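**Q** Take a look at structure.cif, mmCIF, C-alpha atoms and all ligand atoms:
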```cif
data_structure
loop_
_atom_site.label_atom_id
_atom_site.label_comp_id
_atom_site.auth_asym_id
_atom_site.auth_seq_id
_atom_site.Cartn_x
_atom_site.Cartn_y
_atom_site.Cartn_z
CA GLN A 1 93.78 131.26 69.26
CA THR A 2 93.13 133.55 66.31
CA LYS A 3 94.74 136.61 67.84
CA ILE A 4 98.24 135.14 67.72
CA ALA A 5 100.40 136.47 64.88
CA ASP A 6 100.85 134.02 61.98
CA VAL A 7 104.63 134.18 62.25
CA VAL A 8 104.45 133.04 65.87
CA ARG A 9 101.78 130.42 65.24
CA ARG A 10 104.12 128.84 62.70
CA ILE A 11 106.91 128.32 65.25
CA ARG A 12 107.05 124.66 66.04
CA PRO A 13 107.46 123.65 69.70
CA SER A 14 111.09 122.92 70.54
CA VAL A 15 111.94 119.21 70.32
CA ILE A 16 114.92 119.79 72.62
CA ARG A 17 112.71 121.35 75.28
CA ASP A 18 110.10 118.59 74.86
CA MET A 19 112.74 115.91 75.47
CA ALA A 20 113.97 117.82 78.54
CA LEU A 21 110.43 118.03 79.96
CA ARG A 22 109.87 114.31 79.45
CA ALA A 23 113.26 113.55 81.03
CA GLU A 24 112.45 115.64 84.11
CA LYS A 25 109.68 113.22 85.02
CA LEU A 26 112.00 110.18 85.00
CA ASP A 27 114.72 108.97 87.35
CA HIS A 28 118.37 108.15 86.55
CA VAL A 29 118.32 110.04 83.28
CA ILE A 30 121.60 110.87 81.53
CA SER A 31 121.05 113.72 79.13
CA LEU A 32 123.12 114.03 76.00
CA GLY A 33 120.51 116.52 74.86
CA ILE A 34 121.76 119.73 76.34
CA GLY A 35 123.70 122.18 74.19
CA GLU A 36 125.64 123.90 76.94
CA PRO A 37 128.85 123.22 78.83
CA ASP A 38 128.25 121.29 82.07
CA PHE A 39 131.05 123.39 83.62
CA HIS A 40 130.07 126.29 85.84
CA THR A 41 131.37 129.77 85.08
CA ALA A 42 134.86 130.12 86.64
CA PRO A 43 134.37 131.43 90.24
CA GLU A 44 136.77 134.32 89.62
CA ILE A 45 134.52 135.62 86.82
CA SER A 46 131.38 135.49 88.96
CA ARG A 47 133.16 137.05 91.93
CA LEU A 48 134.48 140.02 89.96
CA ALA A 49 131.09 140.58 88.32
CA LEU A 50 129.28 140.56 91.64
CA GLN A 51 131.86 142.93 93.15
CA ASP A 52 131.27 145.29 90.24
CA ALA A 53 127.51 145.05 90.75
CA GLU A 54 128.02 146.10 94.36
CA SER A 55 130.09 149.04 93.30
CA GLY A 56 127.37 150.37 90.99
CA TYR A 57 127.56 148.64 87.61
CA THR A 58 123.82 148.20 87.74
CA HIS A 59 122.65 150.85 85.27
CA TYR A 60 121.84 150.95 81.58
CA THR A 61 124.99 150.84 79.51
CA PRO A 62 125.74 152.05 75.98
CA SER A 63 123.62 150.01 73.52
CA LYS A 64 126.71 148.35 72.04
CA GLY A 65 128.18 147.57 75.46
CA TYR A 66 130.57 149.28 77.88
CA GLY A 67 133.51 150.93 76.14
CA ASP A 68 136.10 148.97 78.13
CA LEU A 69 134.43 145.66 77.27
CA VAL A 70 134.30 146.54 73.57
CA GLU A 71 138.00 147.50 73.72
CA ALA A 72 138.93 144.29 75.53
CA LEU A 73 136.87 142.19 73.11
CA CYS A 74 138.52 143.93 70.18
CA GLU A 75 141.95 143.18 71.60
CA TYR A 76 140.96 139.54 72.23
CA LEU A 77 139.51 139.00 68.74
CA ASN A 78 142.63 140.43 67.13
CA ARG A 79 145.16 138.72 69.39
CA TYR A 80 143.51 135.32 69.57
CA PHE A 81 142.01 134.94 66.10
CA GLY A 82 143.81 137.61 64.08
CA HIS A 83 140.48 139.15 62.99
CA GLY A 84 141.94 142.65 62.63
CA VAL A 85 138.80 144.55 63.68
CA SER A 86 138.34 147.96 65.31
CA PRO A 87 135.98 148.79 68.20
CA GLU A 88 133.61 150.50 65.71
CA GLN A 89 133.11 147.11 64.07
CA ILE A 90 131.92 145.38 67.26
CA ALA A 91 128.61 145.28 69.14
CA VAL A 92 128.08 143.39 72.40
CA THR A 93 124.65 141.74 72.56
CA SER A 94 122.37 139.76 74.85
CA GLY A 95 123.74 136.36 73.87
CA GLY A 96 124.51 135.26 70.34
CA MET A 97 120.70 135.18 70.07
CA GLY A 98 120.53 138.95 70.51
CA ALA A 99 123.04 139.37 67.70
CA LEU A 100 121.00 137.09 65.42
CA THR A 101 117.82 139.08 66.08
CA ALA A 102 119.47 142.44 65.43
CA TYR A 103 121.29 141.21 62.32
CA PHE A 104 118.21 139.85 60.57
CA ARG A 105 116.25 142.99 61.49
CA VAL A 106 118.93 145.08 59.87
CA VAL A 107 119.33 143.24 56.59
CA LEU A 108 116.01 141.57 55.74
CA ASN A 109 113.13 143.06 53.78
CA PRO A 110 109.91 141.02 53.50
CA GLY A 111 110.52 137.93 51.37
CA ASP A 112 114.32 138.14 51.38
CA GLU A 113 115.91 134.72 51.45
CA VAL A 114 118.61 133.43 53.78
CA LEU A 115 120.51 130.32 52.72
CA VAL A 116 121.10 128.05 55.70
CA PRO A 117 123.02 124.78 55.59
CA GLU A 118 120.79 121.94 56.79
CA PRO A 119 120.88 120.55 59.49
CA TYR A 120 120.83 123.82 61.43
CA PHE A 121 120.45 125.35 64.88
CA PRO A 122 116.63 125.40 65.42
CA SER A 123 116.38 129.10 66.35
CA TYR A 124 117.55 130.27 62.92
CA ARG A 125 114.14 129.70 61.35
CA PRO A 126 111.98 131.75 63.75
CA GLN A 127 114.67 134.42 63.93
CA ILE A 128 114.65 134.81 60.15
CA GLU A 129 110.87 134.56 59.79
CA TRP A 130 109.90 137.13 62.38
CA ALA A 131 112.22 139.57 60.66
CA GLY A 132 110.09 138.93 57.53
CA GLY A 133 112.63 136.71 55.76
CA GLN A 134 112.52 133.17 54.42
CA LEU A 135 114.88 130.41 55.50
CA VAL A 136 116.02 128.44 52.47
CA PRO A 137 117.68 125.20 53.59
CA VAL A 138 120.74 124.10 51.65
CA PRO A 139 120.99 120.33 52.01
CA THR A 140 124.17 118.63 53.14
CA SER A 141 124.58 114.90 53.56
CA PHE A 142 126.14 112.42 55.95
CA GLU A 143 127.92 110.81 52.97
CA GLN A 144 129.67 114.09 52.16
CA GLY A 145 130.55 114.77 55.78
CA PHE A 146 127.86 117.47 56.03
CA VAL A 147 130.07 119.80 54.00
CA LEU A 148 128.19 122.74 52.52
CA THR A 149 129.10 122.46 48.86
CA PRO A 150 129.28 125.61 46.72
CA GLU A 151 127.27 123.72 44.07
CA ALA A 152 124.37 123.18 46.47
CA VAL A 153 124.53 126.84 47.52
CA GLU A 154 124.53 127.97 43.91
CA ARG A 155 121.48 125.83 43.13
CA ALA A 156 119.58 127.48 46.00
CA ILE A 157 120.32 131.07 44.95
CA THR A 158 117.40 133.10 43.58
CA THR A 159 116.88 136.80 42.87
CA ARG A 160 115.63 137.13 46.48
CA THR A 161 118.74 135.64 48.12
CA LYS A 162 120.29 138.17 50.48
CA VAL A 163 122.36 136.26 53.01
CA LEU A 164 124.46 133.10 53.07
CA MET A 165 124.80 131.62 56.54
CA ILE A 166 127.71 129.54 57.72
CA ASN A 167 128.06 127.82 61.08
CA SER A 168 131.47 126.39 61.90
CA PRO A 169 132.17 124.63 64.23
CA HIS A 170 128.72 123.30 63.55
CA ASN A 171 125.71 122.56 65.69
CA PRO A 172 124.45 119.76 65.46
CA THR A 173 127.23 117.82 63.68
CA GLY A 174 130.34 118.98 65.56
CA LEU A 175 132.12 119.41 62.23
CA ILE A 176 134.26 122.24 60.91
CA THR A 177 133.92 123.63 57.39
CA PRO A 178 137.15 122.75 55.49
CA PRO A 179 139.33 125.76 54.54
CA GLU A 180 139.04 125.15 50.78
CA ILE A 181 135.24 125.15 51.08
CA LEU A 182 135.42 128.51 52.89
CA ASP A 183 137.54 129.76 49.97
CA ASP A 184 134.93 128.61 47.45
CA LEU A 185 131.98 129.95 49.45
CA ALA A 186 133.70 133.32 49.76
CA ARG A 187 134.25 133.50 46.01
CA LEU A 188 130.61 132.59 45.41
CA ALA A 189 129.34 135.18 47.93
CA GLU A 190 131.36 137.84 46.17
CA GLU A 191 130.31 136.76 42.67
CA LYS A 192 126.61 136.70 43.64
CA ASP A 193 126.88 139.79 45.85
CA LEU A 194 125.56 138.03 48.98
CA LEU A 195 125.97 139.12 52.56
CA VAL A 196 127.50 136.43 54.77
CA LEU A 197 126.54 135.69 58.36
CA SER A 198 129.03 133.37 60.02
CA ASP A 199 127.92 131.85 63.32
CA GLU A 200 131.14 131.08 65.19
CA VAL A 201 129.87 130.68 68.75
CA TYR A 202 131.96 127.49 69.13
CA ASP A 203 135.20 129.16 67.97
CA ARG A 204 137.19 128.21 71.08
CA LEU A 205 136.05 124.59 71.06
CA VAL A 206 138.14 123.05 68.29
CA PHE A 207 140.04 119.78 68.62
CA ASP A 208 143.31 118.08 67.73
CA GLY A 209 145.41 121.24 67.83
CA ARG A 210 143.39 123.05 65.15
CA ARG A 211 143.13 126.82 65.01
CA HIS A 212 139.71 128.28 64.41
CA ASP A 213 139.28 129.42 60.81
CA SER A 214 136.78 132.01 59.57
CA ILE A 215 135.40 133.05 56.20
CA PHE A 216 135.96 136.61 57.48
CA HIS A 217 139.64 136.17 56.57
CA ARG A 218 139.00 135.43 52.88
CA PRO A 219 139.64 138.16 50.30
CA GLY A 220 136.74 140.59 49.95
CA MET A 221 134.84 139.14 52.89
CA ARG A 222 135.42 141.88 55.46
CA GLU A 223 133.05 144.15 53.54
CA ARG A 224 130.18 141.65 53.51
CA THR A 225 130.65 139.26 56.44
CA THR A 226 129.25 139.61 59.93
CA VAL A 227 130.51 137.15 62.52
CA LEU A 228 128.44 136.06 65.46
CA GLY A 229 130.24 135.20 68.70
CA SER A 230 129.31 134.36 72.25
CA PHE A 231 130.63 134.07 75.77
CA SER A 232 128.17 131.21 76.34
CA LYS A 233 130.13 128.21 75.13
CA SER A 234 133.74 129.46 75.20
CA PHE A 235 133.62 130.66 78.79
CA ALA A 236 130.80 128.44 80.14
CA MET A 237 128.61 131.52 80.59
CA THR A 238 125.29 130.53 78.99
CA GLY A 239 123.13 132.06 81.73
CA TRP A 240 124.83 135.45 81.65
CA ARG A 241 123.40 136.05 78.14
CA LEU A 242 126.38 137.72 76.60
CA GLY A 243 127.34 137.58 72.94
CA TYR A 244 128.62 139.85 70.22
CA ALA A 245 128.81 140.53 66.52
CA PHE A 246 131.55 142.07 64.43
CA GLY A 247 131.59 143.02 60.79
CA PRO A 248 131.46 145.99 58.44
CA GLU A 249 131.19 149.25 60.37
CA TRP A 250 128.07 150.41 58.45
CA LEU A 251 126.22 147.22 59.31
CA ILE A 252 127.23 147.14 62.98
CA LYS A 253 126.09 150.76 63.29
CA GLU A 254 122.62 149.75 62.09
CA MET A 255 122.61 146.75 64.45
CA VAL A 256 123.35 149.07 67.37
CA LYS A 257 120.40 151.22 66.26
CA VAL A 258 118.16 148.13 66.44
CA LEU A 259 119.66 146.93 69.73
CA ALA A 260 118.89 150.29 71.34
CA HIS A 261 115.18 149.65 70.79
CA TYR A 262 115.31 145.90 71.35
CA THR A 263 117.13 145.21 74.63
CA SER A 264 118.42 148.80 75.22
CA CYS A 265 121.76 147.26 76.12
CA PRO A 266 123.24 143.93 77.18
CA PRO A 267 122.97 143.23 80.95
CA SER A 268 125.46 145.41 82.85
CA VAL A 269 126.61 142.79 85.37
CA SER A 270 127.05 140.20 82.62
CA GLN A 271 129.26 142.63 80.73
CA ARG A 272 131.48 142.96 83.80
CA ALA A 273 131.62 139.14 83.90
CA GLY A 274 132.56 139.18 80.22
CA LEU A 275 135.39 141.57 80.90
CA ALA A 276 136.65 139.32 83.69
CA ALA A 277 136.42 136.32 81.35
CA LEU A 278 138.56 138.03 78.72
CA ARG A 279 141.14 138.94 81.35
CA GLN A 280 141.31 135.51 82.95
CA ASP A 281 144.03 133.01 82.26
CA ALA A 282 143.46 131.54 78.77
CA SER A 283 144.43 128.10 80.07
CA LEU A 284 141.03 127.79 81.76
CA VAL A 285 139.25 127.77 78.40
CA ASP A 286 141.89 125.48 76.94
CA ALA A 287 141.40 123.02 79.81
CA MET A 288 137.66 122.92 79.13
CA ALA A 289 138.23 122.38 75.41
CA ALA A 290 140.72 119.59 76.25
CA GLU A 291 138.10 117.88 78.41
CA PHE A 292 135.58 118.04 75.55
CA GLN A 293 138.19 116.48 73.30
CA THR A 294 138.75 113.62 75.77
CA ARG A 295 135.01 112.98 75.81
CA ARG A 296 134.87 113.24 72.02
CA ASP A 297 137.53 110.52 71.82
CA LEU A 298 135.66 108.29 74.24
CA LEU A 299 132.35 108.72 72.42
CA TYR A 300 133.81 108.33 68.95
CA GLU A 301 135.81 105.20 69.80
CA LYS A 302 132.77 103.52 71.27
CA LEU A 303 130.22 104.58 68.65
CA CYS A 304 132.53 103.47 65.83
CA HIS A 305 132.25 99.92 67.07
CA PHE A 306 128.51 99.84 67.63
CA PRO A 307 126.75 97.78 64.95
CA GLY A 308 124.58 99.87 62.62
CA VAL A 309 126.05 103.20 63.75
CA LYS A 310 127.95 105.41 61.29
CA ILE A 311 129.71 108.48 62.56
CA HIS A 312 132.04 111.28 61.49
CA LYS A 313 134.62 112.22 64.09
CA PRO A 314 133.59 115.60 65.54
CA THR A 315 136.27 118.25 65.10
CA GLY A 316 134.74 120.99 67.24
CA ALA A 317 131.89 122.12 69.52
CA PHE A 318 130.58 119.33 71.79
CA TYR A 319 128.26 117.39 69.52
CA ALA A 320 128.25 114.19 67.53
CA PHE A 321 125.62 113.43 64.90
CA PRO A 322 125.73 109.66 64.28
CA ASN A 323 123.68 108.11 61.50
CA LEU A 324 121.34 105.29 62.57
CA GLU A 325 119.69 104.43 59.26
CA ALA A 326 120.65 100.76 59.65
CA ILE A 327 118.79 100.70 62.97
CA THR A 328 115.73 102.90 62.51
CA ASP A 329 113.92 104.99 59.94
CA ASN A 330 112.18 107.01 62.63
CA THR A 331 114.67 108.82 64.85
CA GLU A 332 111.88 110.65 66.74
CA GLN A 333 110.45 107.33 67.92
CA PHE A 334 113.96 105.97 68.49
CA ALA A 335 114.81 108.89 70.79
CA LEU A 336 111.56 108.47 72.75
CA ASP A 337 112.03 104.71 73.14
CA LEU A 338 115.65 105.21 74.19
CA LEU A 339 114.51 107.72 76.80
CA TYR A 340 111.76 105.54 78.24
CA GLU A 341 113.67 102.24 78.09
CA GLU A 342 117.18 103.35 79.01
CA GLN A 343 116.76 106.91 80.35
CA VAL A 344 119.19 108.46 77.89
CA VAL A 345 118.35 111.71 76.09
CA VAL A 346 119.48 112.23 72.49
CA ILE A 347 117.90 114.69 70.06
CA PRO A 348 116.42 113.40 66.77
CA GLY A 349 117.91 115.00 63.66
CA GLY A 350 114.51 116.34 62.62
CA ALA A 351 114.85 118.98 65.35
CA PHE A 352 117.55 120.50 63.15
CA GLY A 353 115.53 120.32 59.96
CA ALA A 354 117.21 117.12 58.82
CA SER A 355 114.56 114.45 59.27
CA GLY A 356 115.67 112.64 56.11
CA GLN A 357 119.13 112.01 57.54
CA LYS A 358 118.27 109.43 60.25
CA CYS A 359 120.79 110.96 62.61
CA VAL A 360 120.57 111.93 66.28
CA ARG A 361 122.52 114.62 68.08
CA MET A 362 124.50 113.59 71.12
CA ALA A 363 126.00 116.37 73.23
CA PHE A 364 129.03 115.26 75.25
CA THR A 365 128.19 117.68 78.01
CA VAL A 366 128.43 115.08 80.80
CA ASP A 367 131.62 113.77 82.43
CA CYS A 368 133.39 110.66 81.15
CA ASP A 369 131.83 108.31 83.72
CA ARG A 370 128.32 109.37 82.84
CA LEU A 371 129.13 109.38 79.14
CA THR A 372 130.40 105.80 79.42
CA GLU A 373 127.24 104.77 81.28
CA ALA A 374 125.03 106.52 78.67
CA LEU A 375 126.85 104.77 75.83
CA ASP A 376 126.56 101.38 77.56
CA ARG A 377 122.82 101.93 77.81
CA PHE A 378 122.70 103.10 74.18
CA SER A 379 124.57 99.99 73.09
CA ARG A 380 122.18 97.73 75.02
CA PHE A 381 119.22 99.52 73.45
CA ILE A 382 120.39 99.29 69.84
CA THR A 383 121.34 95.64 70.28
CA LYS A 384 117.69 95.00 71.14
CA GLN A 385 116.56 96.99 68.06
CA MET A 386 118.66 95.07 65.54
N1 LIG B 1 124.36 129.67 67.48
C1 LIG B 1 124.49 128.35 67.67
C2 LIG B 1 124.98 127.50 66.56
C3 LIG B 1 124.17 127.78 68.90
O1 LIG B 1 124.31 126.46 69.08
C4 LIG B 1 123.71 128.64 69.95
C5 LIG B 1 123.31 128.05 71.25
O2 LIG B 1 123.14 126.88 71.42
C6 LIG B 1 123.61 130.01 69.70
C7 LIG B 1 123.94 130.49 68.44
C8 LIG B 1 123.14 130.99 70.72
O3 LIG B 1 123.92 131.00 71.84
P1 LIG B 1 123.87 132.16 72.93
O4 LIG B 1 122.65 132.99 72.69
O5 LIG B 1 123.83 131.47 74.25
O6 LIG B 1 125.12 132.97 72.73
#
```
Taking this structure as input, can you express it in the form of structure tokens?
**A**
Amino acid sequence: QTKIADVVRRIRPSVIRDMALRAEKLDHVISLGIGEPDFHTAPEISRLALQDAESGYTHYTPSKGYGDLVEALCEYLNRYFGHGVSPEQIAVTSGGMGALTAYFRVVLNPGDEVLVPEPYFPSYRPQIEWAGGQLVPVPTSFEQGFVLTPEAVERAITTRTKVLMINSPHNPTGLITPPEILDDLARLAEEKDLLVLSDEVYDRLVFDGRRHDSIFHRPGMRERTTVLGSFSKSFAMTGWRLGYAFGPEWLIKEMVKVLAHYTSCPPSVSQRAGLAALRQDASLVDAMAAEFQTRRDLLYEKLCHFPGVKIHKPTGAFYAFPNLEAITDNTEQFALDLLYEEQVVVIPGGAFGASGQKCVRMAFTVDCDRLTEALDRFSRFITKQM
């Protein structure tokens, strides 16, 4: 169809969605493909939001979100993470996605380059491209634990480089960027005068007693770093479409200008749910994170002992990204065969721009019994392959 814009024609169909559509037609499928908590939103959150809807919170809101939500979010970000931001530095958005869209609109001129560690969340590319920018992948490797090295970033910098992206905890690898690497990346961003966009939507899902760490806290970074956050993963609220960004006041102000013409405002009822989520007992989120850690342990222990599988222990989010190069050199075909023979969904690494890596993403977003069953099937399948 010639009337479709080039930038849209270039968007490749989503591999994750394709796997989900195939899986829908089969019975007894266990999906490790889905990047969202299997937990429902806490009933208290939904109840308060619906009550507020009944009492009239059904209108347009300020473009950057209700004042009381922005205040509560500000208090939460400062108390929980020590971010030290003011309400003027925060905008509430329609999901983390809404923040991504507004951010790239604000900073990118045609041809500006955004450095993105590869593998990466598949929506980054279209988001960057339809704002006129270019995604420049910065390779990472399984051997180096998918760490974004400052050397690789430096090699990718050109005169058009505008933004360095970071995503920690990371989708699809479930790994956290080490603190000393954040130090080095911050120094490099300052030296090369780059803006930094740090996607931290998995900030509450970190394991083994870690505290979430952010490049925002490095010297000089507050002036150039925008952080992307979300209620989706932390509070099991994916369907409410509520996220946020915080960063330099001048940049957030421009984002709010864009948001006013993009979505007008985030959904009113969802904002009331967000407020309820911030006011709820923190132990609910901690309990969910603890459950993900239990599943991480189960998955890691088993996968470690499977022949031909190499894996780094995930330290956050709810993903593992095992390497299967000893088993297959075509992870797309592997994932399809696994689905049709054993009814288990995993996502081939190519979906995240890392087809050379021979990895697959496994989301531990099913309970331990189903995870065990999925891994038993996986084990049976790879034994047949070897
Ligand atoms: N960033 C990353 C790394 C993600 O994995 C996701 C969702 O999967 C998002 C951003 C967007 O999340 P949402 O729009 O639900 O806040």
**Q** Adding 6 Å on each side of the box along x, y and z that holds all listed atoms of segment 9-13 of chain A, could you give its centre and edge lengths in Å to one decimal, as lines of an AutoDock Vina configuration file?
**A**
```
center_x = 104.6
center_y = 127.0
center_z = 66.2
size_x = 17.7
size_y = 18.8
size_z = 19.0
```
**Q** Ligand LIG 1 (chain B): which residues are within 7 Å, counting all atoms listed in the file, as a PDB file with C-alpha atoms, in the coordinates of the input?
**A**
```pdb
ATOM      1  CA  GLY A  35     123.700 122.180  74.190  1.00  0.00           C
ATOM      2  CA  GLU A  36     125.640 123.900  76.940  1.00  0.00           C
ATOM      3  CA  GLY A  95     123.740 136.360  73.870  1.00  0.00           C
ATOM      4  CA  GLY A  96     124.510 135.260  70.340  1.00  0.00           C
ATOM      5  CA  MET A  97     120.700 135.180  70.070  1.00  0.00           C
ATOM      6  CA  GLY A  98     120.530 138.950  70.510  1.00  0.00           C
ATOM      7  CA  PHE A 121     120.450 125.350  64.880  1.00  0.00           C
ATOM      8  CA  ASN A 167     128.060 127.820  61.080  1.00  0.00           C
ATOM      9  CA  HIS A 170     128.720 123.300  63.550  1.00  0.00           C
ATOM     10  CA  ASN A 171     125.710 122.560  65.690  1.00  0.00           C
ATOM     11  CA  ASP A 199     127.920 131.850  63.320  1.00  0.00           C
ATOM     12  CA  VAL A 201     129.870 130.680  68.750  1.00  0.00           C
ATOM     13  CA  GLY A 229     130.240 135.200  68.700  1.00  0.00           C
ATOM     14  CA  SER A 230     129.310 134.360  72.250  1.00  0.00           C
ATOM     15  CA  PHE A 231     130.630 134.070  75.770  1.00  0.00           C
ATOM     16  CA  SER A 232     128.170 131.210  76.340  1.00  0.00           C
ATOM     17  CA  THR A 238     125.290 130.530  78.990  1.00  0.00           C
ATOM     18  CA  ARG A 241     123.400 136.050  78.140  1.00  0.00           C
ATOM     19  CA  LEU A 242     126.380 137.720  76.600  1.00  0.00           C
ATOM     20  CA  GLY A 243     127.340 137.580  72.940  1.00  0.00           C
TER      21      GLY A 243
END
```
**Q** Give the answer as one residue: which of A:Gly111, A:Pro150, A:Gly65, A:Pro117 has the shortest atom-to-atom distance to Glu180 of chain A, using all atoms listed in the file?
**A**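 Among the listed residues, A:Pro150 lies closest to Glu180 of chain A.
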**Q** Using all atoms listed in the file, which of A:Ser14, A:Thr315, A:Thr61, A:Gln271 sits nearest His212 of chain A?
**A**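 The shortest atom-to-atom distance to His212 of chain A comes from A:Thr315.
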**Q** Taking (124.0, 104.2, 58.2) in the file's own coordinates, collect the residues within 10 Å, counting all atoms listed in the file, and hand them back as an NGL selection string.
**A** :A and (142-143 or 307-311 or 322-328 or 357-359)
**Q** How many Å separate atom CA of Asp6 of chain A from atom CA of Lys162 of chain A?
**A**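 Interatomic distance, atom CA of Asp6 of chain A to atom CA of Lys162 of chain A: 23.0 Å.
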**Q** Using only C-alpha atoms, which protein or nucleic acid residues come within 9 Å of Tyr262 of chain A? Drop anything in the same chain fewer than 4 positions from it, and give the result as a list in words.
**A**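 Everything that qualifies: Gly98, Thr101, Ala102, Lys257 and Val258 of chain A.
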**Q** So what do you get for atom CA of Ala287 of chain A versus atom CA of Gly145 of chain A, distance-wise?
**A**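 Value for the atom CA of Ala287 of chain A-atom CA of Gly145 of chain A distance: 27.6 Å.
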**Q** What does the distance from atom CA of Asp184 of chain A to atom CA of Thr159 of chain A come to in Å, to one decimal?
**A**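 One can read the atom CA of Asp184 of chain A to atom CA of Thr159 of chain A distance as 20.3 Å.
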**Q** Excluding Pro137 of chain A and any residue of its chain fewer than 4 positions from it, enumerate the residues within 7 Å of it, using all atoms listed in the file, and give them as a list in words.
**A**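 With the cut-off at 7 Å, the set is Leu115, Val116, Pro117 and Glu118 of chain A.
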